[in-house]
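So the structure is just underneath, and the comments pick up after that.
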Amino acid sequence: MCEFIIEKGVFIVKENLQAIREKAMDLLNNVKELKRLDEIRVEFLGKKGELTKVLRGMKNLSPEERPAIGQLANNIREAIEEKIEEVKNELMKKEQEERLKSEVIDVTMPGKKRRLGHRHPMNLVVDEIKEIFLGMGYKIAEGPEIETEYYNFEALNIPKEHPARDEQDTFYINENFMLRTATSPIQVRVMEKEKPPIRIICPGKVYRSDEVDATHSPVFHQLEGLVVDKNITFADLKGALEVFAKELFGDKVKVRFRPHFFPFTEPSAEMDISCVACGGKGCNICKGSGWIEILGCGMVHPKVLKMAGIDPDIYTGFAFGMGLERLAMSKYGVKDLRLFVENDVRFLEQF
Amino acid sequence: MNIPMSWLKDYVPIRCDIETFVDRMTMSGSKVETYEELGKEINKVVVGKILSIEKHPNADKLVITKVDVGEEVLQIVTGANNISEGDYVPVALNGSTLPGGIKIKTGKLRGIESQGMMCSIEELGFDRTDYPEAPEHGIYIFQQEYPLGKDVKEIFGLNDIVVEYEITSNRPDCFSVVGIAREVAATFNEPFGYPEIFVDEKGGNVSDYISVEIENKELCPRYAARVIKNVKIEPSPKWMRQRLLAAGIRPINNIVDITNYVMLEMGQPMHAFDLSKLEKKKIVVRNAKPGEKTMTLDGEERNLDESMLLITDGEKPLAIAGVMGGEETKVTEETNTILFESANFNGANIRVTAKKLGLRTDASVKYSKGLDPNIVIDALNRAAQLVVELGAGEVVSGIVDVYPNKREPKTISYSIEKINALLGTSLSEDEIIDYLTRLEFKVNKEAKTVTIPTFRPDIEGNADLAEEVARLYGYDKIETTLETGTPTVGKRSYSQNIEYIIKDTIEAQGFYEIMNYSFESPKVFDKLNIKEDSDLRKVITISNPLGEDFSIMRTQTLNGMLTSLSTNYNRRNEEAFLYELGKVYIPKELPLKELPEEINKLTIGMYGKVDFYDLKGVVEVLFEKLGMDSKVEYDLKQDLTWMHPGRTAIISINKKEIGYIGEVHPDVAKNYEIDTRVYIGVIDVPSIIEYANLEREYKPLPKYPAVTRDIAMLVEDTMPVKDIEKIIKQRGGKVLESYKLFDVYKGKQIEEGYKSVAYSITFRASDRTLTEEEVNKTMKKILNGLEGLGAKLRS
């Protein structure tokens, strides 16, 4: 009797467990929302859930019967949990799909930008030139803008009474001091201080007494270069500047060197490049010649070397100098120099 | 220097086309600026002969002519009344062009066909000074018969090309036809034919007419003169007028034209005096006396000073040497006897005199370059020769020539090795000698010396010889090599590197770099509200500025920045974020006795939707980038008169002020016409370089958890949070990792005069997990400290 009852008890428990499983599965298969899923979990697996209730009824079973029933109950719990997880994943996936669908934005609307500032257009060109020469082993030298008569003129082989000293061109502070008319005094200062080999470029502001207009300014920028070492030749000068020109203006550019005169170099030359606008055919910009003058250069005058304390019988050197505003103007197509000092952001932001 | 090709060809053969010519001249050192084909606007204008003149049936003022133009006879209607049958006239044919873009076509005039046009001198682009024989109104009639149908361009000297050369200042000898011809000869390796000069003297003796004395031999190395008698002033012949015109000089009369012609041809300025106007028959060259005056031939009275050189008759000034002749002795229609002056003056002195007098003449420009005294006599004789050739007068025998210190050709030694070494070439000695010889240098191969003509004082050594050789060999033929000396490392110096970082960091925060002039107006100090006794007003002044607005070297960068901001504001740009890295110029003493300090300043300026803390953030990021943020302190600065007294912070490191940031004083903003809040920061760049630290060392990432506590307190409104932070830092000890101000609140629920300040403080130890107890202990210390400051903690 007792056995029967127990038999029956086991049977009933098994039946119940199976029923719970089927019921749970049935519910889970039809669930539509995550919230409902949680309710179902509580309904069956929670503390007061159906499965728990059945398991609690196990105390009425004999110890021999419990493991089998326990196993069964656990299997069912696992199956339900698994199913819940499966349904949950499905529902979440579905829900995410719907959310993503609802989150469509207009990707053609403008981005939120942080403005990135930058160099003044002229300094963009200066930096580019600096990089070229740094790569060729040159250092950057600097010097005072208010200079002495000696460094600005005398040491550059521009003796007193030379037309280049005309007040017309030079801003004087008094008879001994002036605003430098070129960056060349820096070269002299470096030669006095350092022993060859010297490879420097000297960028900086220079001053000439020109009224302000579209192509003239009393303050402008120059970049000069100087190389002093043993066995430096005019052919080396041509080589270095040709490399520079091709780096700055592109491989296709042609250069030519024309004889010219500067008091501080001998032989002296001017370097032209084939017109960037027309490629050398001749146009308005190059005045039909096909060439644009870019810089002045030459072999450092033996007198200049000597005055700076370098023996011209042992060392030779070359020097060159260029106006930077003009380069920047031609590079960017700026027609009026005054734009460079007006500092209107609508101009500055374009570069 | 403008030179017609036809004139050059008198002295050197030219066998190439004009393009080749200008190219090769440019490449040998005589840079051609431009060249102009004369008469290129005149086409199909030919010589015609008027065969008949008949009345026009429909117009009283017109006539119908038949004109033979060689191949055909044209019917031409004209209104001119100065023509006769048999006249030779310029005829513009159907389809011809005239100066000014005028086109002539066959058409009808009052019903009668006209197949061309007879031209006046004006229609050919001249005027009656150029061609005095031309009628005032009417057709130009040729003075002689020419083949019919001949192009008139040749007759008017228009089949010529005028070439403009850029002459460098070391080559004053090239300011002449002869000088350029010499360069052409050397460039093309052609023979140079110096003008053949001979003078047909008519007797007498020049010393009976004039004596010359030079008082200042420094300023007048040479003075020579000739006398011409029985002068007949008249227009010079057509060929001379045409050459002068082509070279850009207006013909005047035969004597003046001769002086100009010789100046162009030989490069030597000349002057003609009316000898009868000289009271004393002598020339004395001396400096002007104080207060002396003279009237120059342009009718202007000139005030002279002692530095100026005069040509006098011993007493009265006759001319300002090398600049301009005097009114009293100028050549007129009545002149009968003239004195030709050909002299050499000190170039620098002439330049200064011309400048002082504001009198730039062709002569003064030439003299200023420094001329060779040895061309004086050739020029004088060339003028005399032309006088004879033109029938302008009779040349009195003899020359007066005062030349105390003759300039002799100098001889220098040459080195083939050095010339080649400088150029990077391997030219043979013979090749080099060939180039030098072409330039009239005399080479002595045995002695290795070269004798330089006196018109080339610029040649002093091997470097100069190398240039002469190179330019004739061809700069373009010298190969290009890359120097192979001792290598050097190209890199920025430390301070240049810091400047780069400054620029990059400021730019990354949205600022554009600007540029401003280094000089400005002394008025800016008032505009900037800078005190009368401020050191900033001790400025270096330019003695010859372009104007007051550009007369002082700036001692501050504010004006440049505010001016730029103002430009943007007044052009209605919504916002502007600008920076400048530029110098100020601070004298050590005034007047300047040694070089001033030139100090680089970083100036940041902005307006727009920003406040003080935006600007402060910019400099904080900069200092962080440069590894110096922990050293920097900010304190309220109330005495910068151009800044807002409550919104300006001085920036200092170890008590040393390195700059300031803040809002510009509204009065100053107003002075710059800016009607919004403007923020400016100025930081000393050398100080940044001094305190920047680019070294970085790795700290291990934390292994143990952090504990964060938030506190809020009430403090007096005027208390800077810096004081609170000082306590947190001091009392936080080793376990304090960081603190962050997250709220400042004034208003409702907060007592008047107070503010609520809230911090989030983070603690962490690197070697263990902090216990509650430890954190509580530290917090207690901090809180006690804050209470000591008078802070009331809020729970």
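Scheme for the structure tokens: letters A, B, ... for chains in order shown; per-chain residue numbers from 1; ligand numbers from 1 in order shown.
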List the neighbours of Phe126 in chain B out to 12 Å using only C-alpha atoms; skip same-chain residues closer than 3 positions along the sequence, and give me the result as a ChimeraX atom specification.
/B:39,98-100,119-123,129-132,134,140,156-158,241-242,245-246,250-251
How about saving the chosen residues, N, CA and C atoms kept, as an mmCIF file, in the first residue's frame?
```cif
data_model
loop_
_atom_site.group_PDB
_atom_site.id
_atom_site.type_symbol
_atom_site.label_atom_id
_atom_site.label_comp_id
_atom_site.auth_asym_id
_atom_site.auth_seq_id
_atom_site.Cartn_x
_atom_site.Cartn_y
_atom_site.Cartn_z
ATOM 1 N N GLY B 39 57.530 101.027 -84.764
ATOM 2 C CA GLY B 39 56.665 101.045 -85.943
ATOM 3 C C GLY B 39 55.929 99.746 -86.168
ATOM 4 N N LEU B 98 47.791 102.174 -88.453
ATOM 5 C CA LEU B 98 48.569 103.324 -87.974
ATOM 6 C C LEU B 98 48.614 103.279 -86.448
ATOM 7 N N PRO B 99 49.537 104.023 -85.847
ATOM 8 C CA PRO B 99 49.636 104.013 -84.383
ATOM 9 C C PRO B 99 48.302 104.318 -83.718
ATOM 10 N N GLY B 100 48.049 103.666 -82.601
ATOM 11 C CA GLY B 100 46.786 103.847 -81.896
ATOM 12 C C GLY B 100 45.735 102.874 -82.388
ATOM 13 N N CYS B 119 49.181 110.748 -94.996
ATOM 14 C CA CYS B 119 49.321 110.877 -93.545
ATOM 15 C C CYS B 119 50.021 112.166 -93.142
ATOM 16 N N SER B 120 49.563 112.707 -92.015
ATOM 17 C CA SER B 120 50.291 113.797 -91.369
ATOM 18 C C SER B 120 51.357 113.169 -90.465
ATOM 19 N N ILE B 121 52.265 114.010 -89.938
ATOM 20 C CA ILE B 121 53.330 113.478 -89.089
ATOM 21 C C ILE B 121 52.745 112.912 -87.782
ATOM 22 N N GLU B 122 51.663 113.579 -87.318
ATOM 23 C CA GLU B 122 51.022 113.089 -86.090
ATOM 24 C C GLU B 122 50.400 111.719 -86.304
ATOM 25 N N GLU B 123 49.806 111.513 -87.501
ATOM 26 C CA GLU B 123 49.179 110.215 -87.771
ATOM 27 C C GLU B 123 50.206 109.076 -87.809
ATOM 28 N N THR B 129 58.166 118.579 -83.034
ATOM 29 C CA THR B 129 59.535 118.701 -82.490
ATOM 30 C C THR B 129 60.408 117.604 -83.079
ATOM 31 N N ASP B 130 59.788 116.437 -83.318
ATOM 32 C CA ASP B 130 60.552 115.343 -83.898
ATOM 33 C C ASP B 130 60.878 115.629 -85.367
ATOM 34 N N TYR B 131 59.917 116.190 -86.075
ATOM 35 C CA TYR B 131 60.077 116.494 -87.504
ATOM 36 C C TYR B 131 59.689 117.945 -87.757
ATOM 37 N N PRO B 132 60.623 118.875 -87.480
ATOM 38 C CA PRO B 132 60.288 120.302 -87.539
ATOM 39 C C PRO B 132 59.840 120.752 -88.933
ATOM 40 N N ALA B 134 57.742 119.357 -90.751
ATOM 41 C CA ALA B 134 56.341 119.002 -90.994
ATOM 42 C C ALA B 134 55.457 120.237 -90.828
ATOM 43 N N TYR B 140 52.337 115.282 -94.281
ATOM 44 C CA TYR B 140 53.804 115.353 -94.259
ATOM 45 C C TYR B 140 54.329 115.169 -95.673
ATOM 46 N N PHE B 156 61.449 106.698 -91.709
ATOM 47 C CA PHE B 156 61.260 107.317 -90.389
ATOM 48 C C PHE B 156 62.072 106.610 -89.288
ATOM 49 N N GLY B 157 62.973 105.765 -89.701
ATOM 50 C CA GLY B 157 63.803 105.070 -88.718
ATOM 51 C C GLY B 157 63.003 104.112 -87.863
ATOM 52 N N LEU B 158 61.928 103.575 -88.405
ATOM 53 C CA LEU B 158 61.054 102.721 -87.600
ATOM 54 C C LEU B 158 61.260 101.231 -87.838
ATOM 55 N N ARG B 241 68.076 112.765 -84.874
ATOM 56 C CA ARG B 241 66.814 112.883 -84.138
ATOM 57 C C ARG B 241 66.171 111.514 -83.970
ATOM 58 N N GLN B 242 66.224 110.708 -85.035
ATOM 59 C CA GLN B 242 65.585 109.392 -84.960
ATOM 60 C C GLN B 242 66.261 108.500 -83.914
ATOM 61 N N LEU B 245 65.315 109.749 -80.430
ATOM 62 C CA LEU B 245 63.928 109.367 -80.155
ATOM 63 C C LEU B 245 63.826 107.900 -79.782
ATOM 64 N N ALA B 246 64.515 107.079 -80.565
ATOM 65 C CA ALA B 246 64.451 105.639 -80.309
ATOM 66 C C ALA B 246 65.012 105.315 -78.929
ATOM 67 N N ARG B 250 64.156 113.309 -76.256
ATOM 68 C CA ARG B 250 63.550 114.252 -77.205
ATOM 69 C C ARG B 250 64.633 115.114 -77.849
ATOM 70 N N PRO B 251 64.610 115.241 -79.153
ATOM 71 C CA PRO B 251 65.561 116.165 -79.796
ATOM 72 C C PRO B 251 65.199 117.613 -79.452
#
```
Can you pull out every residue within 12 Å of Phe261 in chain A, counting only C-alpha atoms, but drop anything in the same chain fewer than 2 positions away, and send it as a list in words?
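With the cut-off at 12 Å, the set is Arg258, Pro259, Pro263, Phe264, Thr265, Glu266, Pro267, Ser268, Ala269, Glu270, Gly296, Cys297, Gly298, Met299 and His301 of chain A; Gly29, Ser30, Lys31, Glu166, Ile167, Thr168, Ser169, Asn170, Arg171, Asp458, Asp464, Glu467, Glu468 and Arg471 of chain B.
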Atom-to-atom span, CA of Glu234 in chain B and CA of Ile255 in chain B, Å:
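Between these atoms lies a distance of 8.3 Å.
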Near-Gly398 in chain B list (8 Å; only C-alpha atoms; drop same-chain fewer than 5 positions) as an MDAnalysis selection string
chainID B and resid 201 205:207 226
Please list as a ChimeraX atom specification every residue within 12 Å of Pro57 in chain B, counting only C-alpha atoms and excluding residues in the same chain fewer than 2 positions away.
/B:54-55,59-64,77,109-112
Store the residues picked out above, limited to N, CA and C atoms, as a PDB file, in the first residue's frame.
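Contents of selection36.pdb, as written:
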```
ATOM      1  N   GLU B  54      42.202 117.402-107.943  1.00  0.00           N
ATOM      2  CA  GLU B  54      40.994 117.992-108.532  1.00  0.00           C
ATOM      3  C   GLU B  54      39.985 118.302-107.446  1.00  0.00           C
ATOM      4  N   LYS B  55      39.069 119.224-107.753  1.00  0.00           N
ATOM      5  CA  LYS B  55      38.035 119.579-106.798  1.00  0.00           C
ATOM      6  C   LYS B  55      37.062 118.439-106.596  1.00  0.00           C
ATOM      7  N   ALA B  59      31.904 118.649-102.163  1.00  0.00           N
ATOM      8  CA  ALA B  59      32.407 119.263-100.931  1.00  0.00           C
ATOM      9  C   ALA B  59      33.481 120.292-101.259  1.00  0.00           C
ATOM     10  N   ASP B  60      33.313 121.499-100.714  1.00  0.00           N
ATOM     11  CA  ASP B  60      34.268 122.562-101.000  1.00  0.00           C
ATOM     12  C   ASP B  60      35.634 122.297-100.388  1.00  0.00           C
ATOM     13  N   LYS B  61      35.609 121.679 -99.176  1.00  0.00           N
ATOM     14  CA  LYS B  61      36.867 121.546 -98.448  1.00  0.00           C
ATOM     15  C   LYS B  61      37.641 120.280 -98.809  1.00  0.00           C
ATOM     16  N   LEU B  62      37.087 119.458 -99.669  1.00  0.00           N
ATOM     17  CA  LEU B  62      37.784 118.220-100.031  1.00  0.00           C
ATOM     18  C   LEU B  62      38.312 118.293-101.458  1.00  0.00           C
ATOM     19  N   VAL B  63      39.382 117.539-101.692  1.00  0.00           N
ATOM     20  CA  VAL B  63      39.901 117.425-103.058  1.00  0.00           C
ATOM     21  C   VAL B  63      40.072 115.948-103.390  1.00  0.00           C
ATOM     22  N   ILE B  64      40.102 115.671-104.686  1.00  0.00           N
ATOM     23  CA  ILE B  64      40.322 114.288-105.139  1.00  0.00           C
ATOM     24  C   ILE B  64      41.702 114.248-105.780  1.00  0.00           C
ATOM     25  N   VAL B  77      40.773 110.812-101.510  1.00  0.00           N
ATOM     26  CA  VAL B  77      40.090 112.069-101.194  1.00  0.00           C
ATOM     27  C   VAL B  77      40.704 112.608 -99.907  1.00  0.00           C
ATOM     28  N   LEU B 109      33.958 109.167 -99.551  1.00  0.00           N
ATOM     29  CA  LEU B 109      33.877 110.454 -98.875  1.00  0.00           C
ATOM     30  C   LEU B 109      32.999 111.362 -99.715  1.00  0.00           C
ATOM     31  N   ARG B 110      31.836 111.701 -99.194  1.00  0.00           N
ATOM     32  CA  ARG B 110      30.853 112.493 -99.956  1.00  0.00           C
ATOM     33  C   ARG B 110      30.619 111.914-101.341  1.00  0.00           C
ATOM     34  N   GLY B 111      30.455 110.568-101.381  1.00  0.00           N
ATOM     35  CA  GLY B 111      30.093 109.931-102.643  1.00  0.00           C
ATOM     36  C   GLY B 111      31.252 109.568-103.545  1.00  0.00           C
ATOM     37  N   ILE B 112      32.451 109.973-103.209  1.00  0.00           N
ATOM     38  CA  ILE B 112      33.589 109.653-104.073  1.00  0.00           C
ATOM     39  C   ILE B 112      34.487 108.647-103.366  1.00  0.00           C
TER      40      ILE B 112
END
```
Near-range 66-71 of chain A list (8 Å; only C-alpha atoms; drop same-chain fewer than 5 positions) as number ranges by chain
A: 10, 13-14, 55, 58, 61
I need the residues of range 347-427 of chain B that end up classed as strand (DSSP E or B) by DSSP on the backbone, written out as a list in words.
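The residues of range 347-427 of chain B classed as strand (DSSP E or B) are Glu394, Val395, Val400, Asp401, Val402, Lys410, Thr411, Ile412 and Ser413 of chain B.
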Mind listing the alpha helix (DSSP H) residues of range 235-298 of chain A, per DSSP on the backbone, as a ChimeraX atom specification?
/A:235-249
Could you save those same residues with N, CA and C atoms as an mmCIF file, in the first residue's frame?
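Done, and the output landed in out.cif:
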```cif
data_model
loop_
_atom_site.group_PDB
_atom_site.id
_atom_site.type_symbol
_atom_site.label_atom_id
_atom_site.label_comp_id
_atom_site.auth_asym_id
_atom_site.auth_seq_id
_atom_site.Cartn_x
_atom_site.Cartn_y
_atom_site.Cartn_z
ATOM 1 N N ALA A 235 79.414 75.214 -59.286
ATOM 2 C CA ALA A 235 78.637 74.052 -59.746
ATOM 3 C C ALA A 235 77.821 73.469 -58.586
ATOM 4 N N ASP A 236 78.403 73.484 -57.376
ATOM 5 C CA ASP A 236 77.670 73.014 -56.190
ATOM 6 C C ASP A 236 76.478 73.923 -55.891
ATOM 7 N N LEU A 237 76.718 75.232 -56.054
ATOM 8 C CA LEU A 237 75.631 76.199 -55.846
ATOM 9 C C LEU A 237 74.465 75.869 -56.768
ATOM 10 N N LYS A 238 74.806 75.653 -58.038
ATOM 11 C CA LYS A 238 73.754 75.318 -59.000
ATOM 12 C C LYS A 238 73.031 74.040 -58.582
ATOM 13 N N GLY A 239 73.794 73.062 -58.148
ATOM 14 C CA GLY A 239 73.215 71.776 -57.755
ATOM 15 C C GLY A 239 72.252 71.917 -56.592
ATOM 16 N N ALA A 240 72.709 72.621 -55.555
ATOM 17 C CA ALA A 240 71.881 72.752 -54.345
ATOM 18 C C ALA A 240 70.577 73.477 -54.663
ATOM 19 N N LEU A 241 70.688 74.542 -55.439
ATOM 20 C CA LEU A 241 69.492 75.343 -55.705
ATOM 21 C C LEU A 241 68.548 74.647 -56.685
ATOM 22 N N GLU A 242 69.123 73.822 -57.534
ATOM 23 C CA GLU A 242 68.255 73.070 -58.438
ATOM 24 C C GLU A 242 67.436 72.046 -57.637
ATOM 25 N N VAL A 243 68.088 71.399 -56.691
ATOM 26 C CA VAL A 243 67.372 70.458 -55.817
ATOM 27 C C VAL A 243 66.250 71.196 -55.085
ATOM 28 N N PHE A 244 66.603 72.350 -54.536
ATOM 29 C CA PHE A 244 65.610 73.157 -53.819
ATOM 30 C C PHE A 244 64.416 73.490 -54.710
ATOM 31 N N ALA A 245 64.715 73.979 -55.908
ATOM 32 C CA ALA A 245 63.634 74.409 -56.808
ATOM 33 C C ALA A 245 62.725 73.243 -57.164
ATOM 34 N N LYS A 246 63.315 72.087 -57.410
ATOM 35 C CA LYS A 246 62.493 70.928 -57.781
ATOM 36 C C LYS A 246 61.653 70.440 -56.598
ATOM 37 N N GLU A 247 62.217 70.538 -55.396
ATOM 38 C CA GLU A 247 61.452 70.156 -54.209
ATOM 39 C C GLU A 247 60.256 71.090 -54.005
ATOM 40 N N LEU A 248 60.506 72.399 -54.208
ATOM 41 C CA LEU A 248 59.454 73.378 -53.921
ATOM 42 C C LEU A 248 58.425 73.468 -55.047
ATOM 43 N N PHE A 249 58.901 73.415 -56.271
ATOM 44 C CA PHE A 249 57.992 73.665 -57.399
ATOM 45 C C PHE A 249 57.669 72.421 -58.212
#
```
One residue among A:Asn176, A:Ala328, A:Ile273, A:Gly321 is nearest to Glu154 in chain A when using only C-alpha atoms, and that residue is A:Asn176
